[in-house]
Protein chains: 2
Amino acid sequence: MRIALLGGTGDIGEGLALRWAYDTNHEVVVGSRDPDKARAKAEEYETELDSRGVDCKITGFENEMAADRADVVVFAVPPYHIRGVIEDVAGVLDDDTIVVTPAVGMNRDDDGMHYSPPNVGSVTALVRDTVPDAVPVVGAFHNLAADRLANLDVELALDTLVVGDDLDAKDIVVRLATDIDGLTVHDAGGIANAPEVESLTPLLINLAMNNDGLHDVGITFH
Amino acid sequence: MRIALLGGTGDIGEGLALRWAYDTNHEVVVGSRDPDKARAKAEEYETELDSRGVDCKITGFENEMAADRADVVVFAVPPYHIRGVIEDVAGVLDDDTIVVTPAVGMNRDDDGMHYSPPNVGSVTALVRDTVPDAVPVVGAFHNLAADRLANLDVELALDTLVVGDDLDAKDIVVRLATDIDGLTVHDAGGIANAPEVESLTPLLINLAMNNDGLHDVGITFH
């Protein structure tokens with residue numbers, strides 16, 4: 001599959017790009033609003049993979065070109081940029097494109113991080129309401145430990161959760177996620193259940209802040 | 001320590017009563033609005049422990065008597081009963097009593113369970129606002145798999161989280177939780193961080209509903 005990682009220059013995007021390129025034969029395309037930054041990051045990922053004996057082509061483009069003809073488009077961008085990035089690429093999204101959203105709305109105060117979803121209830125619901133009609137949306141990859149994901153020396157041994165109302169699209173995302181070595185995927189239900197999934201992210205940050213040894217913490221459900 | 005489990009006849013209360021009685025030397029007192037029910041459950045727990053060669057005394061009382069002179073009072077009651085039960089026992093709570101709240105506000109619809117906190121932001125905050133001033137409140141034990149907790153044949157191998165603003169009280173609850181074999185405790189920060197902890201419970205129920213093999217699911221953070 002051709003996977004476009006919009007915001008593929010940030011930490012979760014970087015991790016997903018590296019892992020898919022390293023563990024699978026899927027084609028990875030890095031997107032950014034700045035095409036030079038996208039190209040530079042794609043080259044950096046290629047160099048990293050080359051140093052590990054993996055010969056693969058990762059390309060970098062401005063977001064709309066990156067999303068064009070992708071089977072799966074991951075919006076690995078901060079939640080306050082999502083609407084804008086969706087608008088930038090809406091012309092190339094159709095019902096054959098699966099949109100994946102890993103973003104979480106949070107705010108920080110003296111106590112820590114707090115889940116702060118948009119009015120529609122979750123970022124996943126916001127994305128569903130913003131993409132063109134009939135484009136299936138799946139929430140996934142929210143609760144991954146970004147540094148571990150991006151460090152190919154580390155065995156992941158982590159779980160991630162998916163939510164979505166289009167069962168075929170969700171199934172494809174489950175398979176794409178399972179293709180990453182050491183990642184176990186569980187189904188958290190429909191998009192109505194996204195808030196409880198997204199709110200894991202501030203929880204994990206709070207645990208990292210308050211406990212020695214949980215700097216880059218992930219989860220296993222068992 | 002003397003631990004009163006109000007609502008100690010329900011599933012999370014049952015599990016905590018059995019585990020503390022089995023794994024530790026803490027004194028366990030079961031509380032209920034109905035003293036006959038409390039006594040019957042206490043006897044049932046004693047019989048269960050006796051069958052495993054553990055000779056210990058578990059007593060059962062009406063809630064106020066159970067809470068009287070307890071070091072720690074756990075309100076293992078549904079969230080819509082918490083205010084009432086706190087009012088019933090307020091006369092015997094003082095700044096030497098640590099109040100522990102494992103309850104979570106949820107509602108269910110066709111999609112699954114959803115976190116539904118009270119207006120003050122979390123059940124933990126509601127309990128803090130309802131107990132007499134100066135009584136320290138700690139949120140804990142929300143995300144335990146109840147059936148596994150209550151089944152002494154099962155090795156727990158689970159994590160649980162604590163939140164609280166009184167660090168001494170939180171430290172005592174951490175130690176009491178750690179005294180249970182197979183339970184690892186992490187600090188999620190202050191009561192302001194309780195929503196992200198409490199919302200794990202509907203998430204776990206949604207995972208149990210949507211995945212084979214996750215019937216009584218718990219969490220490990222690592």
# chains A, B, ... in the order shown; residues from 1 in each chain; ligands from 1
>>> closest_atom_pairs(of="stretch 73-166 of chain B", to="stretch 98-121 of chain A", cutoff="12 Å", atoms="only C-alpha atoms", output="JSON lines")
{"residue": "B:His114", "atom": "CA", "partner": "A:Gly121", "partner_atom": "CA", "distance": 10.9}
{"residue": "B:Tyr115", "atom": "CA", "partner": "A:Gly121", "partner_atom": "CA", "distance": 11.3}
{"residue": "B:Gly121", "atom": "CA", "partner": "A:His114", "partner_atom": "CA", "distance": 11.0}
{"residue": "B:Val163", "atom": "CA", "partner": "A:Asp111", "partner_atom": "CA", "distance": 10.8}
{"residue": "B:Gly164", "atom": "CA", "partner": "A:Asp111", "partner_atom": "CA", "distance": 10.8}
{"residue": "B:Asp165", "atom": "CA", "partner": "A:Asp111", "partner_atom": "CA", "distance": 9.8}
>>> write_last_selection(atoms="N, CA, C and O atoms", output="PDB file, in the first residue's frame")
ATOM      1  N   HIS B 114     -19.141   5.310  27.708  1.00  0.00           N
ATOM      2  CA  HIS B 114     -18.526   6.631  27.555  1.00  0.00           C
ATOM      3  C   HIS B 114     -18.288   7.235  28.933  1.00  0.00           C
ATOM      4  O   HIS B 114     -19.127   7.104  29.824  1.00  0.00           O
ATOM      5  N   TYR B 115     -17.168   7.905  29.037  1.00  0.00           N
ATOM      6  CA  TYR B 115     -16.845   8.580  30.297  1.00  0.00           C
ATOM      7  C   TYR B 115     -17.805   9.736  30.499  1.00  0.00           C
ATOM      8  O   TYR B 115     -18.002  10.568  29.600  1.00  0.00           O
ATOM      9  N   GLY B 121     -15.748  17.634  37.257  1.00  0.00           N
ATOM     10  CA  GLY B 121     -14.660  17.155  36.415  1.00  0.00           C
ATOM     11  C   GLY B 121     -14.328  15.693  36.568  1.00  0.00           C
ATOM     12  O   GLY B 121     -13.845  15.066  35.631  1.00  0.00           O
ATOM     13  N   VAL B 163      -4.244   9.093  41.990  1.00  0.00           N
ATOM     14  CA  VAL B 163      -4.216  10.558  41.912  1.00  0.00           C
ATOM     15  C   VAL B 163      -4.572  11.114  43.278  1.00  0.00           C
ATOM     16  O   VAL B 163      -5.405  10.545  43.988  1.00  0.00           O
ATOM     17  N   GLY B 164      -3.950  12.218  43.644  1.00  0.00           N
ATOM     18  CA  GLY B 164      -4.270  12.831  44.922  1.00  0.00           C
ATOM     19  C   GLY B 164      -3.452  14.085  45.133  1.00  0.00           C
ATOM     20  O   GLY B 164      -2.345  14.208  44.588  1.00  0.00           O
ATOM     21  N   ASP B 165      -4.008  15.000  45.913  1.00  0.00           N
ATOM     22  CA  ASP B 165      -3.302  16.252  46.196  1.00  0.00           C
ATOM     23  C   ASP B 165      -2.567  16.216  47.524  1.00  0.00           C
ATOM     24  O   ASP B 165      -1.679  17.040  47.768  1.00  0.00           O
TER      25      ASP B 165
END
>>> closest_atom_pairs(of="chain A", to="chain B", cutoff="10 Å", atoms="only C-alpha atoms", output="tab-separated table")
residue	atom	partner	partner_atom	distance
A:Asp109	CA	B:Ala192	CA	9.4
A:Asp110	CA	B:Ala192	CA	9.4
A:Asp111	CA	B:Gly190	CA	6.2
A:Gly112	CA	B:Asn193	CA	6.9
A:Met113	CA	B:Asn193	CA	7.4
A:His114	CA	B:Asn193	CA	6.7
A:Tyr115	CA	B:Glu196	CA	7.0
A:Ala145	CA	B:His222	CA	9.7
A:Ala157	CA	B:His222	CA	9.3
A:Leu158	CA	B:His222	CA	8.5
A:Leu161	CA	B:Leu207	CA	8.8
A:Asp165	CA	B:Asp111	CA	9.8
A:Val185	CA	B:Asn211	CA	9.8
A:His186	CA	B:Asn211	CA	6.6
A:Asp187	CA	B:Asn210	CA	5.8
A:Ala188	CA	B:Leu207	CA	5.1
A:Gly189	CA	B:Asn210	CA	6.2
A:Gly190	CA	B:Asp111	CA	6.2
A:Ile191	CA	B:Asp111	CA	8.5
A:Ala192	CA	B:Asp111	CA	6.4
A:Asn193	CA	B:His114	CA	6.7
A:Ala194	CA	B:Leu203	CA	9.1
A:Pro195	CA	B:His114	CA	8.0
A:Glu196	CA	B:Leu203	CA	5.4
A:Val197	CA	B:Leu203	CA	6.8
A:Glu198	CA	B:Glu196	CA	9.6
A:Ser199	CA	B:Glu196	CA	5.9
A:Leu200	CA	B:Glu196	CA	6.7
A:Thr201	CA	B:Glu196	CA	8.8
A:Pro202	CA	B:Glu196	CA	7.1
A:Leu203	CA	B:Glu196	CA	5.4
A:Leu204	CA	B:Phe221	CA	8.5
A:Ile205	CA	B:Ala188	CA	9.0
A:Asn206	CA	B:Ala188	CA	5.6
A:Leu207	CA	B:Ala188	CA	5.1
A:Ala208	CA	B:Ala188	CA	8.6
A:Met209	CA	B:Ala188	CA	8.3
A:Asn210	CA	B:Asp187	CA	5.8
A:Asn211	CA	B:Asp187	CA	6.3
A:Asp212	CA	B:His186	CA	9.5
A:Gly213	CA	B:His222	CA	8.4
A:Leu214	CA	B:His222	CA	6.6
A:His215	CA	B:His222	CA	9.3
A:Asp216	CA	B:His222	CA	8.3
A:Val217	CA	B:His222	CA	5.3
A:Gly218	CA	B:His222	CA	5.5
A:Ile219	CA	B:Phe221	CA	4.7
A:Thr220	CA	B:Thr220	CA	5.1
A:Phe221	CA	B:Ile219	CA	4.7
A:His222	CA	B:Val217	CA	5.3
>>> residues_around(residues="A:Lys37", least_positions_apart="3", cutoff="10 Å", atoms="only C-alpha atoms", output="number ranges by chain")
A: 8-9, 30-34, 40-43, 60-62
>>> select_by_dssp(residues="stretch 171-210 of chain B", states="helix (DSSP H, G or I)", output="JSON, numbers by chain")
{"B": [171, 172, 173, 174, 175, 176, 177, 178, 191, 192, 193, 194, 195, 196, 197, 198, 200, 201, 202, 203, 204, 205, 206, 207, 208, 209, 210]}
>>> residues_around(residues="A:Trp20", least_positions_apart="6", cutoff="9 Å", atoms="only C-alpha atoms", output="number ranges by chain")
A: 3, 26-28, 176-177, 179-180
>>> residues_around(residues="B:Val72", least_positions_apart="3", cutoff="12 Å", atoms="only C-alpha atoms", output="number ranges by chain")
B: 1-6, 26-29, 66-69, 75, 92-101, 135-138, 169-170, 172-173, 176-177
>>> atom_distance(atom1="atom CA of A:Leu18", atom2="atom CA of A:Leu167")
26.7 Å
>>> residues_around(residues="B:Cys56", least_positions_apart="3", cutoff="9 Å", atoms="only C-alpha atoms", output="list in words")
Ala21, Tyr22, Asn25, Glu27, Glu46, Leu49 and Asp50 of chain B
>>> write_last_selection(atoms="N, CA and C atoms", output="PDB file, in the first residue's frame")
ATOM      1  N   ALA B  21      -6.819  -9.227  52.386  1.00  0.00           N
ATOM      2  CA  ALA B  21      -6.858 -10.248  53.439  1.00  0.00           C
ATOM      3  C   ALA B  21      -5.882 -11.380  53.131  1.00  0.00           C
ATOM      4  N   TYR B  22      -5.753 -11.714  51.855  1.00  0.00           N
ATOM      5  CA  TYR B  22      -4.927 -12.864  51.452  1.00  0.00           C
ATOM      6  C   TYR B  22      -3.449 -12.505  51.451  1.00  0.00           C
ATOM      7  N   ASN B  25      -1.327  -8.245  56.096  1.00  0.00           N
ATOM      8  CA  ASN B  25      -1.859  -8.346  57.457  1.00  0.00           C
ATOM      9  C   ASN B  25      -2.790  -7.194  57.803  1.00  0.00           C
ATOM     10  N   GLU B  27      -6.129  -5.130  58.369  1.00  0.00           N
ATOM     11  CA  GLU B  27      -7.447  -5.542  58.860  1.00  0.00           C
ATOM     12  C   GLU B  27      -8.513  -5.058  57.876  1.00  0.00           C
ATOM     13  N   GLU B  46     -14.303 -14.799  54.456  1.00  0.00           N
ATOM     14  CA  GLU B  46     -13.544 -15.602  55.423  1.00  0.00           C
ATOM     15  C   GLU B  46     -13.514 -17.078  55.021  1.00  0.00           C
ATOM     16  N   LEU B  49     -11.130 -17.550  52.176  1.00  0.00           N
ATOM     17  CA  LEU B  49      -9.737 -17.479  52.621  1.00  0.00           C
ATOM     18  C   LEU B  49      -9.377 -18.704  53.455  1.00  0.00           C
ATOM     19  N   ASP B  50     -10.319 -19.140  54.288  1.00  0.00           N
ATOM     20  CA  ASP B  50     -10.080 -20.324  55.113  1.00  0.00           C
ATOM     21  C   ASP B  50      -9.800 -21.535  54.229  1.00  0.00           C
TER      22      ASP B  50
END
>>> decode(residues="stretch 134-160 of chain B", atoms="N, CA and C atoms", output="mmCIF file, in the first residue's frame")
data_model
loop_
_atom_site.group_PDB
_atom_site.id
_atom_site.type_symbol
_atom_site.label_atom_id
_atom_site.label_comp_id
_atom_site.auth_asym_id
_atom_site.auth_seq_id
_atom_site.Cartn_x
_atom_site.Cartn_y
_atom_site.Cartn_z
ATOM 1 N N ALA B 134 -10.466 18.877 55.141
ATOM 2 C CA ALA B 134 -9.236 18.335 55.737
ATOM 3 C C ALA B 134 -9.144 16.822 55.666
ATOM 4 N N VAL B 135 -10.196 16.147 55.173
ATOM 5 C CA VAL B 135 -10.084 14.699 54.957
ATOM 6 C C VAL B 135 -9.395 14.475 53.607
ATOM 7 N N PRO B 136 -8.231 13.839 53.582
ATOM 8 C CA PRO B 136 -7.532 13.652 52.321
ATOM 9 C C PRO B 136 -8.209 12.597 51.442
ATOM 10 N N VAL B 137 -8.226 12.877 50.134
ATOM 11 C CA VAL B 137 -8.895 11.999 49.171
ATOM 12 C C VAL B 137 -7.881 11.539 48.120
ATOM 13 N N VAL B 138 -7.895 10.246 47.848
ATOM 14 C CA VAL B 138 -7.027 9.660 46.826
ATOM 15 C C VAL B 138 -7.892 8.846 45.865
ATOM 16 N N GLY B 139 -7.725 9.078 44.570
ATOM 17 C CA GLY B 139 -8.371 8.225 43.573
ATOM 18 C C GLY B 139 -7.459 7.052 43.246
ATOM 19 N N ALA B 140 -8.010 5.850 43.252
ATOM 20 C CA ALA B 140 -7.185 4.654 42.979
ATOM 21 C C ALA B 140 -8.066 3.472 42.624
ATOM 22 N N PHE B 141 -7.460 2.465 42.002
ATOM 23 C CA PHE B 141 -8.106 1.165 41.745
ATOM 24 C C PHE B 141 -9.219 1.241 40.705
ATOM 25 N N HIS B 142 -9.250 2.325 39.891
ATOM 26 C CA HIS B 142 -10.320 2.451 38.891
ATOM 27 C C HIS B 142 -10.240 1.369 37.823
ATOM 28 N N ASN B 143 -9.008 1.097 37.402
ATOM 29 C CA ASN B 143 -8.824 0.373 36.148
ATOM 30 C C ASN B 143 -8.468 -1.099 36.344
ATOM 31 N N LEU B 144 -8.871 -1.651 37.498
ATOM 32 C CA LEU B 144 -8.553 -3.055 37.721
ATOM 33 C C LEU B 144 -9.607 -3.954 37.084
ATOM 34 N N ALA B 145 -9.168 -5.092 36.626
ATOM 35 C CA ALA B 145 -10.077 -6.085 36.074
ATOM 36 C C ALA B 145 -10.741 -6.794 37.255
ATOM 37 N N ALA B 146 -12.037 -6.535 37.471
ATOM 38 C CA ALA B 146 -12.698 -6.936 38.719
ATOM 39 C C ALA B 146 -12.706 -8.445 38.923
ATOM 40 N N ASP B 147 -12.997 -9.191 37.865
ATOM 41 C CA ASP B 147 -13.074 -10.643 38.032
ATOM 42 C C ASP B 147 -11.710 -11.236 38.383
ATOM 43 N N ARG B 148 -10.673 -10.699 37.741
ATOM 44 C CA ARG B 148 -9.329 -11.203 38.055
ATOM 45 C C ARG B 148 -8.927 -10.821 39.468
ATOM 46 N N LEU B 149 -9.306 -9.604 39.867
ATOM 47 C CA LEU B 149 -8.967 -9.155 41.220
ATOM 48 C C LEU B 149 -9.588 -10.084 42.260
ATOM 49 N N ALA B 150 -10.817 -10.513 42.012
ATOM 50 C CA ALA B 150 -11.550 -11.306 42.998
ATOM 51 C C ALA B 150 -11.218 -12.794 42.920
ATOM 52 N N ASN B 151 -10.465 -13.193 41.908
ATOM 53 C CA ASN B 151 -10.130 -14.614 41.754
ATOM 54 C C ASN B 151 -8.690 -14.855 42.217
ATOM 55 N N LEU B 152 -8.569 -15.382 43.433
ATOM 56 C CA LEU B 152 -7.240 -15.520 44.031
ATOM 57 C C LEU B 152 -6.397 -16.575 43.322
ATOM 58 N N ASP B 153 -6.993 -17.345 42.423
ATOM 59 C CA ASP B 153 -6.209 -18.309 41.632
ATOM 60 C C ASP B 153 -5.432 -17.619 40.515
ATOM 61 N N VAL B 154 -5.787 -16.378 40.215
ATOM 62 C CA VAL B 154 -5.180 -15.659 39.093
ATOM 63 C C VAL B 154 -4.082 -14.739 39.604
ATOM 64 N N GLU B 155 -2.917 -14.819 38.963
ATOM 65 C CA GLU B 155 -1.862 -13.862 39.276
ATOM 66 C C GLU B 155 -2.215 -12.533 38.591
ATOM 67 N N LEU B 156 -2.222 -11.454 39.347
ATOM 68 C CA LEU B 156 -2.734 -10.198 38.788
ATOM 69 C C LEU B 156 -1.881 -9.657 37.643
ATOM 70 N N ALA B 157 -0.612 -9.380 37.905
ATOM 71 C CA ALA B 157 0.287 -8.812 36.896
ATOM 72 C C ALA B 157 -0.333 -7.591 36.225
ATOM 73 N N LEU B 158 -0.915 -6.724 37.034
ATOM 74 C CA LEU B 158 -1.599 -5.535 36.513
ATOM 75 C C LEU B 158 -1.049 -4.272 37.156
ATOM 76 N N ASP B 159 -1.312 -3.162 36.462
ATOM 77 C CA ASP B 159 -0.956 -1.854 37.010
ATOM 78 C C ASP B 159 -2.223 -1.124 37.449
ATOM 79 N N THR B 160 -2.069 -0.269 38.424
ATOM 80 C CA THR B 160 -3.153 0.651 38.761
ATOM 81 C C THR B 160 -2.558 2.033 38.999
#
